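Q: The file below is data10.txt, compact mmCIF, C-alpha atoms and all ligand atoms:
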```
# COMPACT_ATOMS: atom_id res chain seq x y z
CA MET E 1442 8.97 255.29 220.30
CA THR E 1443 5.84 255.59 218.17
CA LEU E 1444 6.56 256.42 214.56
CA GLY E 1445 4.57 259.32 213.12
CA ARG E 1446 4.59 261.53 216.21
CA PRO E 1447 5.01 264.41 215.93
CA ARG E 1448 3.54 264.67 212.44
CA LEU E 1449 3.53 267.64 210.11
CA HIS E 1450 1.02 267.34 207.25
CA LEU E 1451 1.25 269.89 204.47
CA ARG E 1452 -1.31 270.32 201.71
CA ALA E 1453 1.60 270.86 199.31
CA THR E 1454 5.35 271.24 199.72
CA PRO E 1455 8.40 271.14 197.45
CA SER E 1456 9.77 267.91 199.00
CA THR E 1457 8.92 266.15 202.25
CA ASN E 1458 12.57 265.01 202.48
CA ASP E 1459 13.73 268.65 202.52
CA ARG E 1460 11.21 269.56 205.19
CA ALA E 1461 12.11 266.53 207.33
CA ARG E 1462 15.82 267.29 206.95
CA ALA E 1463 15.24 270.81 208.29
CA LEU E 1464 13.31 269.36 211.23
CA ALA E 1465 16.04 266.79 211.94
CA LEU E 1466 18.72 269.48 211.91
CA ALA E 1467 16.59 271.48 214.36
CA GLY E 1468 16.55 268.50 216.73
CA ALA E 1469 13.29 266.70 215.85
CA PRO E 1470 13.03 263.31 217.60
CA HIS E 1471 13.12 259.83 216.09
CA GLY E 1472 9.77 259.08 214.46
CA THR E 1473 8.96 262.65 213.37
CA LEU E 1474 6.91 262.42 210.18
CA VAL E 1475 6.28 264.82 207.32
CA THR E 1476 3.46 264.01 204.88
CA THR E 1477 1.89 265.86 201.99
CA GLY E 1478 -0.72 265.45 199.29
CA LEU E 1479 1.42 267.09 196.64
CA GLN E 1480 5.13 267.67 196.06
CA THR E 1481 6.15 270.42 193.68
CA ALA E 1482 9.84 269.43 193.60
CA GLY E 1483 9.83 265.78 194.68
CA ARG E 1484 13.21 264.12 194.36
CA GLY E 1485 14.08 260.58 193.36
CA ARG E 1486 17.42 258.80 193.43
CA GLN E 1487 20.25 259.72 191.06
CA GLY E 1488 18.95 263.29 190.72
CA ARG E 1489 15.67 262.24 189.14
CA VAL E 1490 12.39 264.05 189.75
CA TRP E 1491 9.51 262.26 191.48
CA THR E 1492 6.04 263.37 190.47
CA THR E 1493 2.59 262.10 191.38
CA PRO E 1494 -0.88 263.62 190.96
CA PRO E 1495 -2.35 265.32 194.06
CA ASP E 1496 -3.77 263.18 196.86
CA ARG E 1497 -3.21 259.82 195.18
CA ALA E 1498 0.15 258.73 196.60
CA LEU E 1499 1.61 258.34 200.04
CA LEU E 1500 4.37 260.97 200.12
CA MET E 1501 6.22 260.91 203.39
CA SER E 1502 9.54 261.38 205.12
CA LEU E 1503 10.47 259.99 208.50
CA VAL E 1504 13.25 261.21 210.80
CA VAL E 1505 15.28 258.22 212.02
CA ARG E 1506 17.89 258.50 214.77
CA ASP E 1507 20.73 256.00 215.17
CA ALA E 1508 20.09 254.13 211.94
CA ASP E 1509 22.16 251.09 211.05
CA ALA E 1510 23.70 250.20 207.69
CA LEU E 1511 20.60 248.23 206.67
CA LEU E 1512 18.20 251.19 207.01
CA SER E 1513 17.40 251.48 203.35
CA LEU E 1514 16.72 247.72 203.11
CA ARG E 1515 14.48 247.85 206.20
CA ALA E 1516 12.49 250.66 204.55
CA GLY E 1517 12.03 248.69 201.33
CA LEU E 1518 10.77 245.66 203.25
CA ALA E 1519 8.16 247.78 205.04
CA VAL E 1520 6.86 249.04 201.70
CA ALA E 1521 6.87 245.49 200.32
CA ASP E 1522 4.75 244.34 203.28
CA LEU E 1523 2.27 247.12 202.50
CA ALA E 1524 2.23 246.08 198.84
CA GLY E 1525 1.38 242.48 199.72
CA ALA E 1526 2.62 238.93 199.53
CA GLY E 1527 3.38 239.09 195.81
CA ALA E 1528 5.57 242.18 196.05
CA VAL E 1529 9.30 241.80 195.40
CA VAL E 1530 12.22 244.11 196.15
CA LYS E 1531 14.63 245.21 193.47
CA TRP E 1532 17.77 245.82 195.51
CA PRO E 1533 18.21 247.96 197.40
CA ASN E 1534 14.60 249.06 197.92
CA ASP E 1535 12.47 249.48 194.81
CA VAL E 1536 9.22 247.62 195.35
CA LEU E 1537 7.73 245.87 192.33
CA VAL E 1538 4.30 244.33 191.88
CA GLU E 1539 3.86 242.27 188.72
CA GLY E 1540 7.12 243.74 187.42
CA ARG E 1541 6.06 247.36 187.90
CA LYS E 1542 7.56 249.79 190.38
CA VAL E 1543 4.89 250.86 192.87
CA ALA E 1544 7.11 252.81 195.26
CA GLY E 1545 10.45 254.51 195.60
CA VAL E 1546 12.55 255.07 198.70
CA LEU E 1547 15.10 257.86 199.10
CA VAL E 1548 17.26 257.64 202.23
CA GLU E 1549 19.36 260.70 203.02
CA GLY E 1550 21.19 261.87 206.10
CA ARG E 1551 24.32 262.19 208.12
CA PRO E 1552 24.77 258.98 210.11
CA GLN E 1553 27.78 260.48 211.91
CA GLU E 1554 25.45 263.18 213.25
CA GLY E 1555 22.84 260.63 214.29
CA TRP E 1556 20.06 261.28 211.82
CA ALA E 1557 18.67 259.98 208.57
CA ILE E 1558 15.59 260.74 206.54
CA VAL E 1559 13.59 257.89 205.02
CA GLY E 1560 11.57 259.36 202.17
CA MET E 1561 8.93 257.24 200.50
CA GLY E 1562 6.67 257.75 197.56
CA ILE E 1563 4.10 254.98 197.29
CA ASN E 1564 1.60 254.80 194.46
CA VAL E 1565 -1.31 253.79 196.66
CA ALA E 1566 -4.26 255.11 194.66
CA LEU E 1567 -3.00 256.15 191.25
CA SER E 1568 -5.16 255.08 188.36
CA PRO E 1569 -3.34 253.42 185.46
CA ALA E 1570 -3.82 256.61 183.40
CA ASP E 1571 -1.95 258.61 186.09
CA LEU E 1572 1.18 256.49 186.00
CA PRO E 1573 4.14 258.58 184.88
CA VAL E 1574 5.95 255.86 182.91
CA GLU E 1575 5.12 252.46 181.47
CA THR E 1576 7.21 250.70 184.11
CA ALA E 1577 5.31 252.25 187.03
CA GLY E 1578 2.52 250.48 188.90
CA THR E 1579 -0.05 251.21 191.56
CA LEU E 1580 -1.42 249.43 194.60
CA GLY E 1581 -4.85 250.19 193.18
CA ARG E 1582 -6.46 251.17 196.48
CA PRO E 1583 -9.09 253.92 196.65
CA PRO E 1584 -7.90 257.44 197.59
CA SER E 1585 -10.04 257.22 200.73
CA GLU E 1586 -7.59 254.57 202.02
CA LEU E 1587 -4.47 256.74 201.91
CA GLU E 1588 -4.54 257.45 205.63
CA ALA E 1589 -5.21 253.80 206.48
CA ALA E 1590 -2.29 252.79 204.25
CA LEU E 1591 -0.05 255.21 206.15
CA GLY E 1592 -1.03 253.59 209.45
CA GLU E 1593 -0.27 250.13 208.09
CA LEU E 1594 3.05 251.28 206.68
CA LEU E 1595 4.16 252.84 209.96
CA GLU E 1596 3.46 249.56 211.74
CA PHE E 1597 5.53 247.62 209.23
CA LEU E 1598 8.28 250.21 209.48
CA ALA E 1599 8.35 250.07 213.26
CA SER E 1600 8.67 246.33 213.08
CA TRP E 1601 11.48 246.33 210.47
CA LEU E 1602 13.41 249.14 212.15
CA SER E 1603 13.72 247.03 215.28
CA ALA E 1604 14.19 243.64 213.60
CA PRO E 1605 17.48 241.74 213.94
CA SER E 1606 19.74 242.10 210.88
CA ALA E 1607 19.45 238.37 210.18
CA ASP E 1608 15.67 238.68 209.85
CA VAL E 1609 16.03 241.66 207.50
CA LEU E 1610 18.43 239.75 205.27
CA ALA E 1611 16.25 236.63 205.28
CA ALA E 1612 13.15 238.62 204.30
CA LEU E 1613 15.01 240.43 201.57
CA ARG E 1614 16.31 237.16 200.15
CA GLU E 1615 12.71 235.88 200.05
CA ARG E 1616 11.61 238.91 198.05
CA ASP E 1617 14.76 239.32 195.91
CA ALA E 1618 13.60 240.45 192.45
CA LEU E 1619 17.11 240.17 191.00
CA LEU E 1620 18.02 236.60 191.92
CA GLY E 1621 19.00 234.80 188.74
CA ARG E 1622 18.00 237.75 186.60
CA GLU E 1623 20.17 239.62 184.12
CA VAL E 1624 21.09 242.99 185.53
CA ARG E 1625 23.22 245.93 184.48
CA TRP E 1626 24.74 248.73 186.46
CA ALA E 1627 26.99 251.70 185.74
CA GLY E 1628 30.12 249.53 185.71
CA GLY E 1629 28.93 246.43 183.88
CA SER E 1630 26.36 243.67 183.64
CA GLY E 1631 25.81 240.20 185.05
CA VAL E 1632 23.33 237.98 186.85
CA GLY E 1633 21.91 238.62 190.32
CA ALA E 1634 23.35 236.10 192.79
CA GLY E 1635 21.62 237.06 196.01
CA ILE E 1636 22.20 239.36 198.96
CA ASP E 1637 25.31 238.99 201.13
CA ASP E 1638 25.46 239.23 204.93
CA ALA E 1639 26.18 242.98 204.76
CA GLY E 1640 23.09 243.59 202.62
CA ARG E 1641 25.10 244.09 199.43
CA LEU E 1642 24.02 242.72 196.05
CA ARG E 1643 26.01 239.78 194.77
CA VAL E 1644 26.33 239.48 191.00
CA ARG E 1645 28.05 236.97 188.76
CA ALA E 1646 29.82 238.53 185.80
CA GLY E 1647 32.31 236.92 183.43
CA GLY E 1648 32.94 233.93 185.70
CA ARG E 1649 33.61 236.14 188.73
CA GLU E 1650 31.44 237.13 191.64
CA LEU E 1651 31.25 240.81 192.58
CA VAL E 1652 29.41 242.69 195.28
CA LEU E 1653 27.66 246.00 194.67
CA GLU E 1654 27.39 248.27 197.69
CA ALA E 1655 25.33 251.11 196.35
CA GLY E 1656 24.00 252.63 193.18
CA GLU E 1657 21.42 251.81 190.62
CA VAL E 1658 20.88 248.34 189.19
CA HIS E 1659 18.63 247.79 186.21
CA LEU E 1660 16.82 244.64 185.24
CA ALA E 1661 17.21 243.47 181.68
CA ARG E 1662 14.01 244.36 179.87
CA THR E 1663 10.98 242.12 179.68
CA SER E 1664 7.57 243.30 178.55
CA THR E 1665 6.62 244.69 181.98
CA ALA E 1666 9.83 244.73 184.00
CA ALA E 1667 10.71 247.95 185.79
CA GLY E 1668 14.14 249.28 184.93
C1 LIG Y 1 13.36 256.70 193.76
O1 LIG Y 1 14.01 257.34 192.93
O2 LIG Y 1 12.94 255.57 193.52
C2 LIG Y 1 13.07 257.30 195.12
C3 LIG Y 1 11.85 258.18 195.11
C4 LIG Y 1 11.55 258.76 196.47
C5 LIG Y 1 10.38 259.72 196.42
C6 LIG Y 1 9.96 260.17 197.79
S1 LIG Y 1 8.40 261.00 197.77
C7 LIG Y 1 8.63 261.54 199.41
C8 LIG Y 1 10.08 261.90 199.56
N1 LIG Y 1 10.33 263.27 199.18
C9 LIG Y 1 11.07 263.40 198.08
O3 LIG Y 1 11.39 264.47 197.53
N2 LIG Y 1 11.40 262.17 197.63
C10 LIG Y 1 10.90 261.13 198.50
```
Spell out the structure here as structure tokens.
A:
Amino acid sequence: MTLGRPRLHLRATPSTNDRARALALAGAPHGTLVTTGLQTAGRGRQGRVWTTPPDRALLMSLVVRDADALLSLRAGLAVADLAGAGAVVKWPNDVLVEGRKVAGVLVEGRPQEGWAIVGMGINVALSPADLPVETAGTLGRPPSELEAALGELLEFLASWLSAPSADVLAALRERDALLGREVRWAGGSGVGAGIDDAGRLRVRAGGRELVLEAGEVHLARTSTAAG
């Protein structure tokens, strides 16, 4: 089914994820899209806020039915494709260009009830002065290209949502920002050792190999690296 139909575009809204969740609970079909030019209570992962200036970022949430366990990785790959050949993915789905985070993905839902929301905030047309933190980046496209960028993104998303798991894992391994890099997470620190066949992050720490299933992983600081 075509992604982005039906589509609800709001001039401003607290959070597209909240609006899409309400639509999903009311029975909205796979591919239903909510977009806005401005969020007044945008949410990031780990309870963080997500703010962008009006009409400069792609702010969108997609209703997905019957998602698999790799959904959040599929979403990150679609954003990476939009960001270009040089974009890398900081597991699970932060997209970095030249070490700066240009987009965030927030997947929420109730898989047991057959729905998920893929929320994305992509800094398509922010100017460097608009960037909220030093580790943020922008795709540097003109604001007039926001709608075109949405069309491109939906095509990439459609392709990754239907791709075999093996292709998803192979693409993620190609774009793995953490491979061989020092990382830290809530429970410790180590070195990124790739992505396993379930899409989990492998890390080497103290002579052992661990797998991280979820949560936040931070790159050790360099002058431009996103945390
Ligand atoms: C992150 O913390 O990296 C994820 C950020 C996700 C932000 C997007 S913007 C559209 C959608 N609506 C929200 O409230 N959050 C997501």
Q: Just to confirm, what's the straight-line distance from atom CA of Glu1615 of chain E to atom CA of Lys1531 of chain E in Å (one decimal)?
A: 11.6 Å
Q: Pull the closest atom pair for each residue of chain E that gets at most 6 Å from ligand LIG 1 (chain Y), along with the distance in Å to one decimal, counting all atoms listed in the file, ordering rows by chain and then ascending residue number, as JSON lines.
A:
```
{"residue": "E:Ser1456", "atom": "CA", "partner": "Y:LIG1", "partner_atom": "O3", "distance": 4.1}
{"residue": "E:Thr1457", "atom": "CA", "partner": "Y:LIG1", "partner_atom": "N1", "distance": 4.4}
{"residue": "E:Asn1458", "atom": "CA", "partner": "Y:LIG1", "partner_atom": "N1", "distance": 4.4}
{"residue": "E:Gly1483", "atom": "CA", "partner": "Y:LIG1", "partner_atom": "O3", "distance": 3.5}
{"residue": "E:Arg1484", "atom": "CA", "partner": "Y:LIG1", "partner_atom": "O3", "distance": 3.7}
{"residue": "E:Gly1485", "atom": "CA", "partner": "Y:LIG1", "partner_atom": "O1", "distance": 3.3}
{"residue": "E:Arg1486", "atom": "CA", "partner": "Y:LIG1", "partner_atom": "O1", "distance": 3.7}
{"residue": "E:Trp1491", "atom": "CA", "partner": "Y:LIG1", "partner_atom": "C5", "distance": 5.6}
{"residue": "E:Leu1500", "atom": "CA", "partner": "Y:LIG1", "partner_atom": "C7", "distance": 4.4}
{"residue": "E:Met1501", "atom": "CA", "partner": "Y:LIG1", "partner_atom": "C7", "distance": 4.7}
{"residue": "E:Ser1502", "atom": "CA", "partner": "Y:LIG1", "partner_atom": "C8", "distance": 5.6}
{"residue": "E:Gly1545", "atom": "CA", "partner": "Y:LIG1", "partner_atom": "O2", "distance": 3.4}
{"residue": "E:Val1546", "atom": "CA", "partner": "Y:LIG1", "partner_atom": "C2", "distance": 4.2}
{"residue": "E:Leu1547", "atom": "CA", "partner": "Y:LIG1", "partner_atom": "C2", "distance": 4.5}
{"residue": "E:Gly1560", "atom": "CA", "partner": "Y:LIG1", "partner_atom": "C8", "distance": 3.9}
{"residue": "E:Met1561", "atom": "CA", "partner": "Y:LIG1", "partner_atom": "C6", "distance": 4.1}
{"residue": "E:Gly1562", "atom": "CA", "partner": "Y:LIG1", "partner_atom": "S1", "distance": 3.7}
```
Q: Interatomic distance between atom CA of Glu1623 of chain E and atom CA of His1659 of chain E?
A: 8.6 Å
Q: Write out as a list in words each polymer residue whose atoms come within 7 Å of segment 1581-1585 of chain E, counting all atoms listed in the file; drop sequence neighbours fewer than 2 positions from it.
A: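 Contacts, with the query itself left out: Arg1497, Val1565, Ala1566, Leu1567, Ser1568, Thr1579 and Leu1587 of chain E.
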Q: Where does segment 1514-1566 of chain E meet segment 1597-1608 of chain E within 10 Å, residue by residue, with the nearest atom pair and distance in Å to one decimal for each, counting all atoms listed in the file, listed by chain and rising number, as a Markdown table?
A:
```
| residue | atom | partner | partner_atom | distance |
| --- | --- | --- | --- | --- |
| E:Leu1514 | CA | E:Trp1601 | CA | 9.1 |
| E:Arg1515 | CA | E:Trp1601 | CA | 5.4 |
| E:Ala1516 | CA | E:Leu1598 | CA | 6.5 |
| E:Gly1517 | CA | E:Leu1598 | CA | 9.1 |
| E:Leu1518 | CA | E:Trp1601 | CA | 7.3 |
| E:Ala1519 | CA | E:Phe1597 | CA | 4.9 |
| E:Val1520 | CA | E:Phe1597 | CA | 7.8 |
| E:Ala1521 | CA | E:Phe1597 | CA | 9.3 |
| E:Asp1522 | CA | E:Phe1597 | CA | 6.8 |
| E:Leu1523 | CA | E:Phe1597 | CA | 7.5 |
```
Q: Between E:Gly1555, E:Pro1569, E:Gly1628, E:Gly1635, which residue has the minimum interatomic distance to Gly1468 of chain E, considering all atoms listed in the file?
A: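 Of the candidates, the smallest distance to Gly1468 of chain E is held by E:Gly1555.
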Q: Please, what distance in Å, to one decimal, runs between atom CA of Ala1528 of chain E and atom CA of Ala1498 of chain E?
A: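 Atom CA of Ala1498 of chain E lies at a distance of 17.4 Å from atom CA of Ala1528 of chain E.
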Q: Name the residues in contact with Ala1467 of chain E at a cut-off of 12 Å, using only C-alpha atoms, excluding same-chain residues fewer than 5 positions from it; report them as a list in words.
A: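 The contact residues come out as Arg1460, Ala1461, Arg1462, Thr1473, Val1504 and Trp1556 of chain E.
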Q: Have a look at E:Leu1537, E:Ile1636, E:Leu1660, E:Val1548 and name the one nearest to Asp1459 of chain E; count all atoms listed in the file.
A: E:Val1548
Q: Here is a test: counting only C-alpha atoms, which residue of E:Ala1618, E:Ala1646, E:Val1543, E:Ala1634 is nearest to Leu1572 of chain E?
A: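 Going through E:Ala1618, E:Ala1646, E:Val1543, E:Ala1634 one by one, the smallest distance to Leu1572 of chain E is for E:Val1543.
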Q: Using only C-alpha atoms, which residue out of E:Ala1589, E:Val1538, E:Leu1449, E:Val1658 lies closest to Gly1525 of chain E?
A: E:Val1538
Q: Smallest atom-to-atom distance to Gly1629 of chain E: which of E:Pro1495, E:Gly1540, E:Gly1527, E:Gly1647, using only C-alpha atoms?
A: E:Gly1647
Q: Just save segment 1562-1575 of chain E with all heavy atoms, as a PDB file, in the first residue's frame.
A:
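The result, stored in part-v8.pdb:
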```pdb
ATOM      1  N   GLY E1562      12.177  13.102  12.818  1.00  0.00           N
ATOM      2  CA  GLY E1562      12.491  14.518  12.730  1.00  0.00           C
ATOM      3  C   GLY E1562      13.786  14.641  11.956  1.00  0.00           C
ATOM      4  O   GLY E1562      14.836  14.166  12.406  1.00  0.00           O
ATOM      5  N   ILE E1563      13.708  15.245  10.774  1.00  0.00           N
ATOM      6  CA  ILE E1563      14.884  15.291   9.893  1.00  0.00           C
ATOM      7  C   ILE E1563      15.231  16.757   9.608  1.00  0.00           C
ATOM      8  O   ILE E1563      14.388  17.524   9.116  1.00  0.00           O
ATOM      9  CB  ILE E1563      14.610  14.540   8.575  1.00  0.00           C
ATOM     10  CG1 ILE E1563      14.135  13.113   8.877  1.00  0.00           C
ATOM     11  CG2 ILE E1563      15.861  14.516   7.703  1.00  0.00           C
ATOM     12  CD1 ILE E1563      13.683  12.335   7.653  1.00  0.00           C
ATOM     13  N   ASN E1564      16.439  17.110   9.928  1.00  0.00           N
ATOM     14  CA  ASN E1564      16.880  18.501   9.748  1.00  0.00           C
ATOM     15  C   ASN E1564      17.202  18.753   8.277  1.00  0.00           C
ATOM     16  O   ASN E1564      18.355  18.813   7.871  1.00  0.00           O
ATOM     17  CB  ASN E1564      18.120  18.784  10.607  1.00  0.00           C
ATOM     18  CG  ASN E1564      17.824  18.695  12.088  1.00  0.00           C
ATOM     19  OD1 ASN E1564      16.665  18.707  12.504  1.00  0.00           O
ATOM     20  ND2 ASN E1564      18.872  18.607  12.894  1.00  0.00           N
ATOM     21  N   VAL E1565      16.161  18.912   7.494  1.00  0.00           N
ATOM     22  CA  VAL E1565      16.359  19.039   6.043  1.00  0.00           C
ATOM     23  C   VAL E1565      16.927  20.404   5.681  1.00  0.00           C
ATOM     24  O   VAL E1565      17.848  20.525   4.872  1.00  0.00           O
ATOM     25  CB  VAL E1565      15.015  18.812   5.302  1.00  0.00           C
ATOM     26  CG1 VAL E1565      15.142  19.162   3.818  1.00  0.00           C
ATOM     27  CG2 VAL E1565      14.574  17.357   5.447  1.00  0.00           C
ATOM     28  N   ALA E1566      16.361  21.457   6.264  1.00  0.00           N
ATOM     29  CA  ALA E1566      16.684  22.814   5.780  1.00  0.00           C
ATOM     30  C   ALA E1566      17.030  23.766   6.915  1.00  0.00           C
ATOM     31  O   ALA E1566      16.819  24.973   6.790  1.00  0.00           O
ATOM     32  CB  ALA E1566      15.489  23.344   4.985  1.00  0.00           C
ATOM     33  N   LEU E1567      17.563  23.217   8.003  1.00  0.00           N
ATOM     34  CA  LEU E1567      17.991  24.115   9.080  1.00  0.00           C
ATOM     35  C   LEU E1567      19.276  24.809   8.657  1.00  0.00           C
ATOM     36  O   LEU E1567      20.133  24.207   7.993  1.00  0.00           O
ATOM     37  CB  LEU E1567      18.227  23.346  10.385  1.00  0.00           C
ATOM     38  CG  LEU E1567      16.986  23.126  11.259  1.00  0.00           C
ATOM     39  CD1 LEU E1567      16.079  22.079  10.654  1.00  0.00           C
ATOM     40  CD2 LEU E1567      17.392  22.717  12.666  1.00  0.00           C
ATOM     41  N   SER E1568      19.418  26.057   9.044  1.00  0.00           N
ATOM     42  CA  SER E1568      20.703  26.714   8.811  1.00  0.00           C
ATOM     43  C   SER E1568      21.586  26.412  10.020  1.00  0.00           C
ATOM     44  O   SER E1568      21.072  26.105  11.107  1.00  0.00           O
ATOM     45  CB  SER E1568      20.515  28.212   8.643  1.00  0.00           C
ATOM     46  OG  SER E1568      19.996  28.739   9.833  1.00  0.00           O
ATOM     47  N   PRO E1569      22.891  26.481   9.855  1.00  0.00           N
ATOM     48  CA  PRO E1569      23.772  26.142  10.987  1.00  0.00           C
ATOM     49  C   PRO E1569      23.403  26.922  12.252  1.00  0.00           C
ATOM     50  O   PRO E1569      23.453  26.378  13.353  1.00  0.00           O
ATOM     51  CB  PRO E1569      25.162  26.516  10.461  1.00  0.00           C
ATOM     52  CG  PRO E1569      25.046  26.289   8.980  1.00  0.00           C
ATOM     53  CD  PRO E1569      23.644  26.705   8.608  1.00  0.00           C
ATOM     54  N   ALA E1570      22.945  28.172  12.103  1.00  0.00           N
ATOM     55  CA  ALA E1570      22.604  28.977  13.286  1.00  0.00           C
ATOM     56  C   ALA E1570      21.367  28.431  14.007  1.00  0.00           C
ATOM     57  O   ALA E1570      21.156  28.723  15.186  1.00  0.00           O
ATOM     58  CB  ALA E1570      22.365  30.427  12.876  1.00  0.00           C
ATOM     59  N   ASP E1571      20.535  27.670  13.286  1.00  0.00           N
ATOM     60  CA  ASP E1571      19.303  27.116  13.881  1.00  0.00           C
ATOM     61  C   ASP E1571      19.549  25.855  14.690  1.00  0.00           C
ATOM     62  O   ASP E1571      18.643  25.369  15.369  1.00  0.00           O
ATOM     63  CB  ASP E1571      18.313  26.707  12.775  1.00  0.00           C
ATOM     64  CG  ASP E1571      17.639  27.896  12.138  1.00  0.00           C
ATOM     65  OD1 ASP E1571      17.558  28.934  12.798  1.00  0.00           O
ATOM     66  OD2 ASP E1571      17.200  27.752  10.983  1.00  0.00           O
ATOM     67  N   LEU E1572      20.713  25.250  14.542  1.00  0.00           N
ATOM     68  CA  LEU E1572      20.919  23.930  15.126  1.00  0.00           C
ATOM     69  C   LEU E1572      20.904  24.025  16.650  1.00  0.00           C
ATOM     70  O   LEU E1572      21.560  24.892  17.234  1.00  0.00           O
ATOM     71  CB  LEU E1572      22.241  23.333  14.630  1.00  0.00           C
ATOM     72  CG  LEU E1572      22.252  23.061  13.119  1.00  0.00           C
ATOM     73  CD1 LEU E1572      23.652  22.695  12.641  1.00  0.00           C
ATOM     74  CD2 LEU E1572      21.263  21.957  12.763  1.00  0.00           C
ATOM     75  N   PRO E1573      20.137  23.129  17.295  1.00  0.00           N
ATOM     76  CA  PRO E1573      19.919  23.274  18.730  1.00  0.00           C
ATOM     77  C   PRO E1573      21.165  22.997  19.576  1.00  0.00           C
ATOM     78  O   PRO E1573      21.338  23.573  20.639  1.00  0.00           O
ATOM     79  CB  PRO E1573      18.816  22.243  19.027  1.00  0.00           C
ATOM     80  CG  PRO E1573      18.862  21.260  17.900  1.00  0.00           C
ATOM     81  CD  PRO E1573      19.375  22.015  16.712  1.00  0.00           C
ATOM     82  N   VAL E1574      22.005  22.085  19.117  1.00  0.00           N
ATOM     83  CA  VAL E1574      23.213  21.756  19.888  1.00  0.00           C
ATOM     84  C   VAL E1574      24.382  21.578  18.926  1.00  0.00           C
ATOM     85  O   VAL E1574      24.196  21.355  17.725  1.00  0.00           O
ATOM     86  CB  VAL E1574      23.038  20.441  20.699  1.00  0.00           C
ATOM     87  CG1 VAL E1574      22.094  20.623  21.871  1.00  0.00           C
ATOM     88  CG2 VAL E1574      22.573  19.291  19.803  1.00  0.00           C
ATOM     89  N   GLU E1575      25.574  21.626  19.475  1.00  0.00           N
ATOM     90  CA  GLU E1575      26.780  21.586  18.644  1.00  0.00           C
ATOM     91  C   GLU E1575      26.914  20.272  17.871  1.00  0.00           C
ATOM     92  O   GLU E1575      27.527  20.226  16.803  1.00  0.00           O
ATOM     93  CB  GLU E1575      27.997  21.805  19.559  1.00  0.00           C
ATOM     94  CG  GLU E1575      29.277  22.149  18.849  1.00  0.00           C
ATOM     95  CD  GLU E1575      30.271  21.005  18.898  1.00  0.00           C
ATOM     96  OE1 GLU E1575      30.188  20.187  19.850  1.00  0.00           O
ATOM     97  OE2 GLU E1575      31.105  20.921  17.997  1.00  0.00           O
TER      98      GLU E1575
END
```
